[in-house]
>>> print(open('start.txt').read())   # compact mmCIF, C-alpha atoms
# COMPACT_ATOMS: atom_id res chain seq x y z
CA MET A 30 34.02 -14.12 -32.54
CA LYS A 31 36.00 -13.31 -29.40
CA LEU A 32 34.76 -10.03 -27.88
CA VAL A 33 37.23 -7.34 -26.76
CA GLN A 34 37.23 -6.93 -22.97
CA THR A 35 38.65 -3.39 -22.79
CA THR A 36 37.30 -0.25 -24.42
CA PRO A 37 39.57 2.21 -26.25
CA LYS A 38 38.80 5.68 -24.91
CA TRP A 39 38.40 7.13 -28.41
CA LEU A 40 35.45 4.84 -29.04
CA LEU A 41 33.44 6.58 -26.33
CA LEU A 42 33.65 9.87 -28.20
CA PHE A 43 31.36 8.58 -30.95
CA THR A 44 27.83 7.23 -31.20
CA PRO A 45 27.42 3.50 -31.86
CA ILE A 46 26.22 4.33 -35.40
CA ALA A 47 29.33 6.43 -36.08
CA ILE A 48 31.55 3.65 -34.80
CA LEU A 49 29.82 1.14 -37.05
CA THR A 50 30.38 3.43 -40.01
CA VAL A 51 34.10 3.61 -39.22
CA LEU A 52 34.30 -0.14 -38.88
CA GLY A 53 32.84 -0.56 -42.35
CA GLY A 54 30.42 -3.11 -43.72
CA GLY A 55 31.13 -5.64 -41.02
CA GLY A 56 30.40 -3.16 -38.27
CA MET A 57 26.63 -3.42 -38.46
CA SER A 58 26.82 -7.20 -38.56
CA TRP A 59 28.99 -7.14 -35.43
CA TRP A 60 26.59 -4.76 -33.66
CA ASN A 61 23.58 -6.88 -34.53
CA VAL A 62 25.32 -9.93 -33.10
CA VAL A 63 26.51 -8.39 -29.81
CA THR A 64 23.23 -6.59 -29.03
CA ALA A 65 20.98 -9.54 -29.88
CA PRO A 66 19.28 -11.50 -27.06
CA PRO A 67 21.62 -14.09 -25.49
CA SER A 68 18.79 -16.63 -25.67
CA ALA A 69 16.31 -17.39 -28.45
CA ASP A 70 13.96 -19.02 -25.95
CA PRO A 71 11.16 -16.56 -24.99
CA ASN A 72 10.58 -18.61 -21.83
CA ALA A 73 14.20 -18.57 -20.71
CA LYS A 74 14.72 -18.30 -16.97
CA SER A 75 15.02 -14.71 -15.79
CA ILE A 76 18.27 -13.39 -14.31
CA GLN A 77 18.51 -11.25 -11.18
CA VAL A 78 21.18 -8.56 -11.01
CA GLN A 79 21.72 -6.13 -8.16
CA VAL A 80 23.23 -2.73 -8.90
CA LYS A 81 24.72 -1.36 -5.70
CA PRO A 82 25.44 2.32 -5.05
CA GLY A 83 28.73 3.39 -6.59
CA THR A 84 28.94 0.48 -9.06
CA SER A 85 30.50 1.60 -12.34
CA ALA A 86 28.80 1.07 -15.68
CA GLN A 87 31.76 -1.12 -16.69
CA ALA A 88 31.33 -3.36 -13.63
CA ILE A 89 27.60 -3.65 -14.35
CA GLY A 90 28.36 -4.68 -17.93
CA GLN A 91 30.82 -7.30 -16.72
CA GLU A 92 28.23 -8.82 -14.39
CA LEU A 93 25.50 -8.72 -17.03
CA GLU A 94 27.75 -10.56 -19.48
CA ALA A 95 28.92 -13.07 -16.87
CA LYS A 96 25.33 -13.91 -15.92
CA GLY A 97 24.16 -14.17 -19.52
CA ALA A 98 21.90 -11.13 -19.57
CA ILE A 99 23.84 -9.56 -22.46
CA LYS A 100 26.42 -10.83 -24.97
CA SER A 101 29.02 -8.08 -24.82
CA GLN A 102 30.13 -5.72 -22.10
CA LEU A 103 31.81 -3.62 -24.83
CA ALA A 104 28.49 -3.15 -26.57
CA TRP A 105 26.94 -2.35 -23.19
CA LYS A 106 29.49 0.37 -22.51
CA LEU A 107 29.13 1.90 -25.96
CA TRP A 108 25.36 1.92 -25.72
CA THR A 109 25.06 3.27 -22.15
CA SER A 110 27.72 5.93 -22.80
CA TRP A 111 25.77 7.13 -25.80
CA GLN A 112 22.50 7.09 -23.83
CA ALA A 113 24.14 9.22 -21.13
CA LYS A 114 25.28 11.75 -23.74
CA GLN A 115 21.68 11.90 -24.97
CA GLY A 116 20.54 12.77 -21.43
CA LYS A 117 18.72 9.47 -21.00
CA GLY A 118 20.20 8.72 -17.61
CA SER A 119 22.73 6.45 -16.03
CA PRO A 120 22.36 3.05 -14.31
CA GLN A 121 20.10 3.20 -11.25
CA THR A 122 20.72 1.24 -8.07
CA GLY A 123 18.38 -1.60 -7.20
CA THR A 124 17.62 -5.25 -7.94
CA TYR A 125 16.56 -6.11 -11.49
CA GLU A 126 14.91 -9.13 -13.02
CA LEU A 127 16.18 -9.40 -16.59
CA SER A 128 15.21 -11.71 -19.42
CA PRO A 129 18.00 -13.21 -21.56
CA SER A 130 15.51 -13.21 -24.45
CA GLN A 131 15.64 -9.40 -24.60
CA PRO A 132 18.14 -7.41 -26.69
CA LEU A 133 20.77 -5.24 -25.04
CA PRO A 134 18.97 -1.89 -25.59
CA VAL A 135 15.91 -3.22 -23.76
CA VAL A 136 18.00 -4.51 -20.85
CA ALA A 137 19.85 -1.18 -20.70
CA LYS A 138 16.59 0.80 -20.76
CA GLN A 139 15.31 -1.16 -17.76
CA ILE A 140 18.43 -0.38 -15.73
CA LEU A 141 18.76 3.22 -16.89
CA GLU A 142 15.13 3.93 -15.94
CA GLY A 143 15.38 2.13 -12.60
CA LYS A 144 12.66 -0.43 -13.29
CA VAL A 145 13.63 -2.55 -10.30
CA ILE A 146 11.90 -5.60 -8.88
CA GLN A 147 8.92 -4.47 -6.83
CA SER A 148 7.89 -6.48 -3.78
CA GLY A 149 4.64 -5.96 -1.94
CA PHE A 150 3.22 -6.30 1.54
CA THR A 151 -0.11 -5.35 3.05
CA ILE A 152 -0.60 -3.99 6.56
CA ARG A 153 -4.26 -4.06 7.58
CA GLU A 154 -6.04 -1.37 9.57
CA GLY A 155 -6.18 -2.24 13.24
CA TRP A 156 -3.13 -4.51 13.25
CA LYS A 157 -0.76 -4.40 16.19
CA ILE A 158 3.00 -4.64 15.88
CA GLY A 159 2.85 -8.29 16.93
CA GLN A 160 0.40 -9.10 14.13
CA MET A 161 2.61 -7.33 11.60
CA ALA A 162 5.61 -9.29 12.83
CA GLU A 163 3.79 -12.62 12.42
CA TYR A 164 2.67 -11.60 8.93
CA PHE A 165 6.17 -10.74 7.75
CA GLU A 166 7.55 -14.02 9.08
CA LYS A 167 4.75 -16.07 7.46
CA GLN A 168 5.48 -14.31 4.17
CA GLY A 169 9.07 -15.47 4.50
CA LEU A 170 10.41 -11.92 4.43
CA PHE A 171 12.23 -11.88 7.79
CA LYS A 172 11.87 -13.06 11.38
CA ALA A 173 9.14 -11.64 13.59
CA ALA A 174 11.63 -10.91 16.36
CA ASP A 175 13.77 -8.82 14.01
CA PHE A 176 10.79 -6.67 13.04
CA ILE A 177 9.74 -6.18 16.67
CA ALA A 178 13.29 -5.11 17.50
CA ALA A 179 13.23 -2.59 14.63
CA THR A 180 9.99 -1.05 15.93
CA LYS A 181 11.67 -0.30 19.25
CA GLU A 182 14.19 1.98 17.56
CA ILE A 183 12.64 5.45 17.38
CA PRO A 184 14.15 7.29 14.36
CA LYS A 185 13.65 10.85 15.61
CA ASP A 186 16.47 12.01 13.33
CA LYS A 187 14.46 11.09 10.23
CA PHE A 188 11.00 11.68 11.67
CA PRO A 189 11.30 14.48 14.27
CA TRP A 190 7.52 14.67 14.63
CA LEU A 191 7.41 11.32 16.46
CA PRO A 192 6.33 11.87 20.09
CA ASP A 193 9.07 11.96 22.71
CA GLY A 194 9.52 9.04 25.05
CA ILE A 195 7.52 6.40 23.19
CA PRO A 196 8.86 2.87 23.80
CA HIS A 197 7.95 1.60 20.32
CA LEU A 198 6.23 2.66 17.12
CA GLU A 199 2.81 1.17 17.81
CA GLY A 200 0.15 3.19 16.01
CA PHE A 201 2.52 5.08 13.71
CA LEU A 202 3.14 2.24 11.23
CA PHE A 203 0.56 3.22 8.65
CA PRO A 204 -1.73 0.45 7.33
CA GLU A 205 -1.50 0.26 3.56
CA THR A 206 -0.60 -1.97 0.62
CA TYR A 207 2.99 -1.21 -0.28
CA LYS A 208 4.95 -1.78 -3.49
CA VAL A 209 8.62 -1.10 -2.86
CA PRO A 210 12.02 -2.08 -4.27
CA ALA A 211 12.91 -5.62 -3.23
CA GLU A 212 16.12 -4.56 -1.48
CA THR A 213 14.14 -2.35 0.94
CA ILE A 214 12.21 -5.34 2.31
CA THR A 215 14.12 -5.48 5.58
CA PRO A 216 12.81 -4.86 9.11
CA LYS A 217 14.19 -1.32 9.17
CA GLY A 218 13.27 -0.77 5.54
CA VAL A 219 9.56 -1.55 5.97
CA VAL A 220 9.42 0.46 9.21
CA THR A 221 10.80 3.45 7.30
CA GLN A 222 8.27 2.95 4.50
CA MET A 223 5.35 2.85 6.93
CA LEU A 224 6.53 5.91 8.85
CA LYS A 225 6.93 7.80 5.56
CA GLN A 226 3.37 6.86 4.64
CA PHE A 227 2.09 8.11 8.00
CA GLU A 228 4.03 11.32 7.45
CA GLN A 229 2.54 11.82 3.99
CA VAL A 230 -1.05 10.69 4.58
CA ALA A 231 -1.94 10.98 8.27
CA LEU A 232 0.26 13.72 9.72
CA PRO A 233 -1.08 16.49 7.43
CA GLU A 234 -4.61 15.81 8.72
CA TYR A 235 -3.46 16.57 12.26
CA GLN A 236 -1.33 19.53 11.27
CA LYS A 237 -4.35 21.22 9.66
CA VAL A 238 -6.02 21.55 13.06
CA ALA A 239 -3.07 21.26 15.47
CA ALA A 240 -3.35 24.89 16.58
CA THR A 241 -6.94 24.40 17.78
CA GLN A 242 -6.74 20.71 18.67
CA LYS A 243 -6.87 19.73 22.35
CA LEU A 244 -5.40 16.32 21.65
CA SER A 245 -1.64 15.91 21.35
CA LEU A 246 -0.34 13.91 18.39
CA LEU A 247 0.16 10.89 20.64
CA ASP A 248 -3.34 11.17 22.16
CA TRP A 249 -4.86 11.60 18.71
CA VAL A 250 -3.28 8.41 17.39
CA SER A 251 -4.04 6.56 20.64
CA LEU A 252 -7.74 7.47 20.64
CA SER A 253 -7.96 6.77 16.91
CA SER A 254 -6.53 3.29 17.50
CA ILE A 255 -9.32 2.57 19.99
CA VAL A 256 -11.93 3.77 17.50
CA GLU A 257 -10.29 1.52 14.88
CA LYS A 258 -10.57 -1.53 17.12
CA GLU A 259 -14.18 -0.75 18.13
CA ALA A 260 -15.62 0.23 14.74
CA VAL A 261 -16.35 -2.56 12.30
CA ILE A 262 -18.30 -0.65 9.67
CA PRO A 263 -16.99 2.71 8.42
CA VAL A 264 -20.25 4.64 8.95
CA GLU A 265 -20.00 4.14 12.72
CA ARG A 266 -16.49 5.53 13.16
CA SER A 267 -17.50 9.17 13.74
CA LYS A 268 -20.34 8.05 16.01
CA ILE A 269 -18.02 5.94 18.17
CA ALA A 270 -15.48 8.77 18.20
CA GLY A 271 -18.29 11.05 19.35
CA VAL A 272 -19.14 8.76 22.26
CA PHE A 273 -15.53 8.69 23.43
CA THR A 274 -15.13 12.45 23.01
CA THR A 275 -18.28 13.06 25.03
CA ARG A 276 -17.15 10.69 27.79
CA LEU A 277 -13.77 12.43 27.99
CA ALA A 278 -15.50 15.82 28.24
CA LYS A 279 -17.60 14.51 31.13
CA ASN A 280 -14.51 13.00 32.85
CA MET A 281 -15.92 9.52 32.37
CA ARG A 282 -13.63 6.55 31.73
CA LEU A 283 -13.59 5.33 28.14
CA GLU A 284 -14.33 1.72 29.24
CA SER A 285 -13.21 0.15 25.98
CA ASP A 286 -12.71 -3.62 25.84
CA PRO A 287 -9.87 -3.51 23.25
CA THR A 288 -7.72 -1.53 25.68
CA VAL A 289 -8.07 -4.32 28.25
CA GLU A 290 -7.22 -6.91 25.63
CA TYR A 291 -4.13 -4.98 24.54
CA GLY A 292 -2.89 -4.48 28.08
CA LEU A 293 -3.28 -8.16 28.93
CA GLY A 294 -2.17 -9.49 25.55
CA ILE A 295 -5.38 -11.45 25.03
CA LYS A 296 -8.28 -11.42 22.57
CA GLN A 297 -11.89 -11.89 23.46
CA THR A 298 -14.42 -13.55 21.14
CA ALA A 299 -18.19 -13.81 21.06
CA ASP A 300 -17.91 -17.19 22.77
CA ARG A 301 -15.20 -16.09 25.15
CA PRO A 302 -15.85 -12.50 26.30
CA LEU A 303 -13.71 -10.69 28.83
CA THR A 304 -14.24 -11.82 32.39
CA PHE A 305 -14.98 -9.47 35.28
CA ALA A 306 -11.59 -10.36 36.77
CA GLU A 307 -9.80 -9.38 33.55
CA VAL A 308 -11.63 -6.08 33.32
CA LYS A 309 -10.62 -5.31 36.91
CA ARG A 310 -7.01 -6.35 36.47
CA PRO A 311 -4.80 -3.23 36.59
CA ASN A 312 -2.61 -2.34 33.63
CA PRO A 313 -1.68 1.03 32.07
CA TYR A 314 -3.99 0.50 29.09
CA ASN A 315 -7.10 -0.57 31.00
CA THR A 316 -9.64 2.20 30.38
CA TYR A 317 -12.10 0.63 32.82
CA MET A 318 -9.58 1.23 35.61
CA ASN A 319 -7.74 4.32 34.35
CA ALA A 320 -9.18 7.69 33.38
CA GLY A 321 -8.34 9.46 30.14
CA ILE A 322 -6.58 8.17 27.04
CA PRO A 323 -4.11 5.26 27.39
CA PRO A 324 -0.36 6.00 27.36
CA GLY A 325 -0.07 4.96 23.72
CA PRO A 326 -1.89 3.46 20.72
CA ILE A 327 -3.16 -0.09 20.84
CA ALA A 328 -3.00 -0.67 17.07
CA SER A 329 -2.41 1.11 13.77
CA PRO A 330 -5.47 3.20 12.90
CA GLY A 331 -6.47 3.81 9.30
CA ILE A 332 -7.12 7.23 7.87
CA GLY A 333 -10.87 6.81 8.42
CA SER A 334 -10.51 6.46 12.18
CA LEU A 335 -7.90 9.21 12.36
CA LYS A 336 -10.24 11.62 10.59
CA ALA A 337 -13.19 10.51 12.73
CA VAL A 338 -11.40 11.50 15.94
CA LEU A 339 -10.66 14.94 14.49
CA ASN A 340 -14.29 15.28 13.39
CA PRO A 341 -16.38 13.28 15.88
CA ASP A 342 -20.17 13.38 15.91
CA SER A 343 -21.63 15.87 18.36
CA THR A 344 -23.70 13.55 20.51
CA ASP A 345 -25.16 12.89 23.94
CA LEU A 346 -24.71 9.14 23.49
CA LEU A 347 -22.44 7.64 26.15
CA PHE A 348 -22.57 3.87 25.61
CA PHE A 349 -22.50 1.30 22.83
CA VAL A 350 -22.50 -2.48 22.71
CA ALA A 351 -21.56 -4.70 19.81
CA LYS A 352 -24.11 -6.82 18.04
CA TYR A 353 -22.90 -9.83 16.10
CA ASP A 354 -23.31 -8.34 12.65
CA GLY A 355 -20.62 -5.65 12.85
CA THR A 356 -22.96 -2.91 14.10
CA HIS A 357 -23.54 -1.50 17.59
CA VAL A 358 -26.47 -0.43 19.72
CA PHE A 359 -25.91 3.08 21.11
CA SER A 360 -27.45 4.37 24.33
CA LYS A 361 -27.66 7.60 26.32
CA THR A 362 -28.00 6.09 29.79
CA LEU A 363 -26.50 3.19 31.70
CA SER A 364 -29.90 1.54 32.16
CA GLU A 365 -30.51 1.64 28.39
CA HIS A 366 -27.06 0.20 27.81
CA VAL A 367 -27.59 -2.67 30.26
CA ALA A 368 -30.95 -3.47 28.69
CA ALA A 369 -29.40 -3.50 25.19
CA THR A 370 -26.52 -5.70 26.38
CA ASN A 371 -28.89 -8.23 27.96
CA ALA A 372 -31.10 -8.30 24.87
CA ILE A 373 -28.14 -9.01 22.59
CA ARG A 374 -26.86 -11.71 24.92
CA LYS A 375 -30.26 -13.44 25.04
CA GLN A 376 -30.62 -13.24 21.27
CA ARG A 377 -27.25 -14.91 20.81
CA GLN A 378 -28.03 -17.65 23.33
CA SER A 379 -31.34 -18.45 21.63
CA SER A 380 -29.70 -18.58 18.19
CA GLN A 381 -27.22 -21.18 19.46
CA GLN A 382 -29.88 -23.52 20.80
>>> encode(input="start.txt", output="structure tokens")
Amino acid sequence: MKLVQTTPKWLLLFTPIAILTVLGGGGMSWWNVVTAPPSADPNAKSIQVQVKPGTSAQAIGQELEAKGAIKSQLAWKLWTSWQAKQGKGSPQTGTYELSPSQPLPVVAKQILEGKVIQSGFTIREGWKIGQMAEYFEKQGLFKAADFIAATKEIPKDKFPWLPDGIPHLEGFLFPETYKVPAETITPKGVVTQMLKQFEQVALPEYQKVAATQKLSLLDWVSLSSIVEKEAVIPVERSKIAGVFTTRLAKNMRLESDPTVEYGLGIKQTADRPLTFAEVKRPNPYNTYMNAGIPPGPIASPGIGSLKAVLNPDSTDLLFFVAKYDGTHVFSKTLSEHVAATNAIRKQRQSSQQ
């Protein structure tokens, strides 16, 4: 049977059932044929169709028929027109993965309800922009350089709460596992998603206490990023935040190794700690050389670290040194701190012999 390619306007005034009644006994047979799955194979290869903004239902039907997702664009138009009259929606934009083993009403339902292809990506707490860029490129989503370029565009028009004068979006790209429409997986698209997540999850925590908070939004995120890089186990976040808060109150330098690493673009390890020369090398982020909080975040802090900085432990502890099990030894005085550092170093040396 050759299917009609144009739709008489009078047909759209009736429901498919009414039309079939008018057509007589053969009408139902015709409808069953044109709405049946194009393929009888349940394992048939899926078909991807992208519905762009402004695409007409007729154009969608034409593409669906051309790609083999449905048998008849006429049946598509009759069915979707009737669904619209029933208040069940109209075709939604997005990218769809459709099975040719499904009947037309099922295919239409997927597009009318906007059940688009969902793609995922995971940004881990404590990642820097560079690490995110490498991740996206390794996942085959887009080039690292394109993502880095996108993070240097500050969308103050969409997110007016972003601090003025920041050179990039370090710290404000919220770490999370994202499930988003496939067509939004672009450098600018994922940046927007992460900023929206910060706006929805992190920003309200700051706004609750902004009126009484001494830290600016930028300082809050910057200090939280240092806590994120220092804390390995969650229970120590508020304690570490307390040490830094106490040091700031006493006008002491933060003296945090991760700030030196960030400023120099290096990473220390247990077998290759920072050298004295590196610690003494000037850069804007070096908290051994510079007082106060660095000019910007050094990573993306998670909600745990962000909350810890807003609610730090009240403590007289001023120092901490990392053990090699994820925990730290905390001290009140420099002499205690030096003794703890030497003890940890000796313990590691003996374990390697």
>>> residues_around(input="start.txt", residues="stretch 260-267 of chain A", least_positions_apart="5", cutoff="7 Å", atoms="all atoms listed in the file", output="list in words")
Ser334, Ala337, Val338, Asn340, Pro341, Asp342, Gly355 and Thr356 of chain A
>>> residues_around(input="start.txt", residues="stretch 301-317 of chain A", least_positions_apart="3", cutoff="9 Å", atoms="all atoms listed in the file", output="JSON, numbers by chain")
{"A": [282, 283, 284, 285, 286, 287, 288, 289, 290, 291, 292, 293, 296, 297, 298, 320, 321, 322, 323, 324, 325, 327]}
>>> atom_distance(input="start.txt", atom1="atom CA of A:Phe150", atom2="atom CA of A:Asp175")
16.5 Å
>>> atom_distance(input="start.txt", atom1="atom CA of A:Thr344", atom2="atom CA of A:Leu232")
26.3 Å
>>> closest_residue(input="start.txt", among="A:Lys81, A:Lys157, A:Lys268, A:Lys167", to="A:Glu199", atoms="all atoms listed in the file")
A:Lys157
>>> closest_residue(input="start.txt", among="A:Phe348, A:Phe359, A:Tyr207, A:Phe201", to="A:Trp249", atoms="all atoms listed in the file")
A:Phe201
>>> atom_distance(input="start.txt", atom1="atom CA of A:Lys181", atom2="atom CA of A:Ile195")
8.8 Å
>>> closest_residue(input="start.txt", among="A:Ser251, A:Gln236, A:Asn72, A:Thr180", to="A:Gly218", atoms="only C-alpha atoms")
A:Thr180
>>> residues_around(input="start.txt", residues="A:Gln222", least_positions_apart="4", cutoff="10 Å", atoms="all atoms listed in the file", output="VMD selection string")
chain A and resid 202 to 203 207 to 209 213 to 214 217 to 218 226 to 228
>>> closest_residue(input="start.txt", among="A:Ile140, A:Leu133, A:Ile99, A:Ala328", to="A:Ile152", atoms="all atoms listed in the file")
A:Ala328
>>> residues_around(input="start.txt", residues="A:Gln87", least_positions_apart="6", cutoff="12 Å", atoms="only C-alpha atoms", output="PyMOL selection string")
chain A and resi 34-36+80+93-94+101-110+119-120
>>> decode(input="start.txt", residues="stretch 300-321 of chain A", atoms="N, CA, C and O atoms", output="short mmCIF file (atom, residue, chain, number, x, y, z; two decimals), in the first residue's frame")
data_model
loop_
_atom_site.label_atom_id
_atom_site.label_comp_id
_atom_site.auth_asym_id
_atom_site.auth_seq_id
_atom_site.Cartn_x
_atom_site.Cartn_y
_atom_site.Cartn_z
N ASP A 300 56.50 10.29 48.42
CA ASP A 300 57.90 10.05 48.08
C ASP A 300 58.58 11.27 47.48
O ASP A 300 59.80 11.30 47.36
N ARG A 301 57.77 12.27 47.13
CA ARG A 301 58.35 13.46 46.55
C ARG A 301 57.62 14.67 47.14
O ARG A 301 56.76 15.28 46.51
N PRO A 302 57.94 15.01 48.41
CA PRO A 302 57.30 16.16 49.05
C PRO A 302 57.83 17.47 48.48
O PRO A 302 58.81 17.49 47.72
N LEU A 303 57.14 18.55 48.81
CA LEU A 303 57.61 19.87 48.39
C LEU A 303 59.00 20.14 48.95
O LEU A 303 59.33 19.77 50.08
N THR A 304 59.81 20.81 48.14
CA THR A 304 61.14 21.18 48.61
C THR A 304 61.08 22.55 49.28
O THR A 304 60.12 23.31 49.10
N PHE A 305 62.10 22.87 50.04
CA PHE A 305 62.17 24.17 50.71
C PHE A 305 62.18 25.29 49.68
O PHE A 305 61.54 26.32 49.87
N ALA A 306 62.87 25.06 48.56
CA ALA A 306 62.94 26.07 47.50
C ALA A 306 61.56 26.33 46.89
O ALA A 306 61.22 27.47 46.59
N GLU A 307 60.76 25.27 46.73
CA GLU A 307 59.43 25.44 46.17
C GLU A 307 58.51 26.20 47.12
O GLU A 307 57.72 27.05 46.71
N VAL A 308 58.62 25.87 48.39
CA VAL A 308 57.80 26.55 49.40
C VAL A 308 58.13 28.04 49.46
O VAL A 308 57.26 28.88 49.71
N LYS A 309 59.38 28.37 49.21
CA LYS A 309 59.82 29.77 49.27
C LYS A 309 59.72 30.51 47.94
O LYS A 309 60.03 31.69 47.87
N ARG A 310 59.25 29.80 46.91
CA ARG A 310 59.14 30.45 45.61
C ARG A 310 57.88 31.30 45.57
O ARG A 310 56.77 30.80 45.76
N PRO A 311 58.00 32.59 45.29
CA PRO A 311 56.82 33.48 45.32
C PRO A 311 55.82 33.16 44.22
O PRO A 311 56.19 32.90 43.08
N ASN A 312 54.56 33.14 44.58
CA ASN A 312 53.46 33.13 43.62
C ASN A 312 52.21 33.57 44.38
O ASN A 312 52.16 33.45 45.60
N PRO A 313 51.20 34.09 43.71
CA PRO A 313 50.04 34.67 44.40
C PRO A 313 49.30 33.70 45.31
O PRO A 313 48.62 34.12 46.25
N TYR A 314 49.44 32.40 45.05
CA TYR A 314 48.68 31.41 45.82
C TYR A 314 49.48 30.83 46.99
O TYR A 314 48.93 30.07 47.79
N ASN A 315 50.73 31.15 47.10
CA ASN A 315 51.60 30.56 48.12
C ASN A 315 51.26 31.12 49.50
O ASN A 315 51.61 32.24 49.83
N THR A 316 50.59 30.31 50.32
CA THR A 316 50.17 30.78 51.64
C THR A 316 51.27 30.64 52.69
O THR A 316 51.06 30.96 53.86
N TYR A 317 52.45 30.18 52.28
CA TYR A 317 53.61 30.24 53.17
C TYR A 317 54.25 31.63 53.05
O TYR A 317 54.82 32.14 54.02
N MET A 318 54.12 32.23 51.86
CA MET A 318 54.73 33.52 51.60
C MET A 318 53.74 34.68 51.77
O MET A 318 54.13 35.79 52.13
N ASN A 319 52.46 34.42 51.48
CA ASN A 319 51.46 35.48 51.48
C ASN A 319 50.47 35.31 52.63
O ASN A 319 50.03 34.18 52.92
N ALA A 320 50.10 36.38 53.25
CA ALA A 320 49.13 36.34 54.34
C ALA A 320 47.71 36.26 53.77
O ALA A 320 47.47 36.63 52.62
N GLY A 321 46.79 35.78 54.59
CA GLY A 321 45.39 35.77 54.21
C GLY A 321 45.02 34.64 53.27
O GLY A 321 45.77 33.68 53.07
#
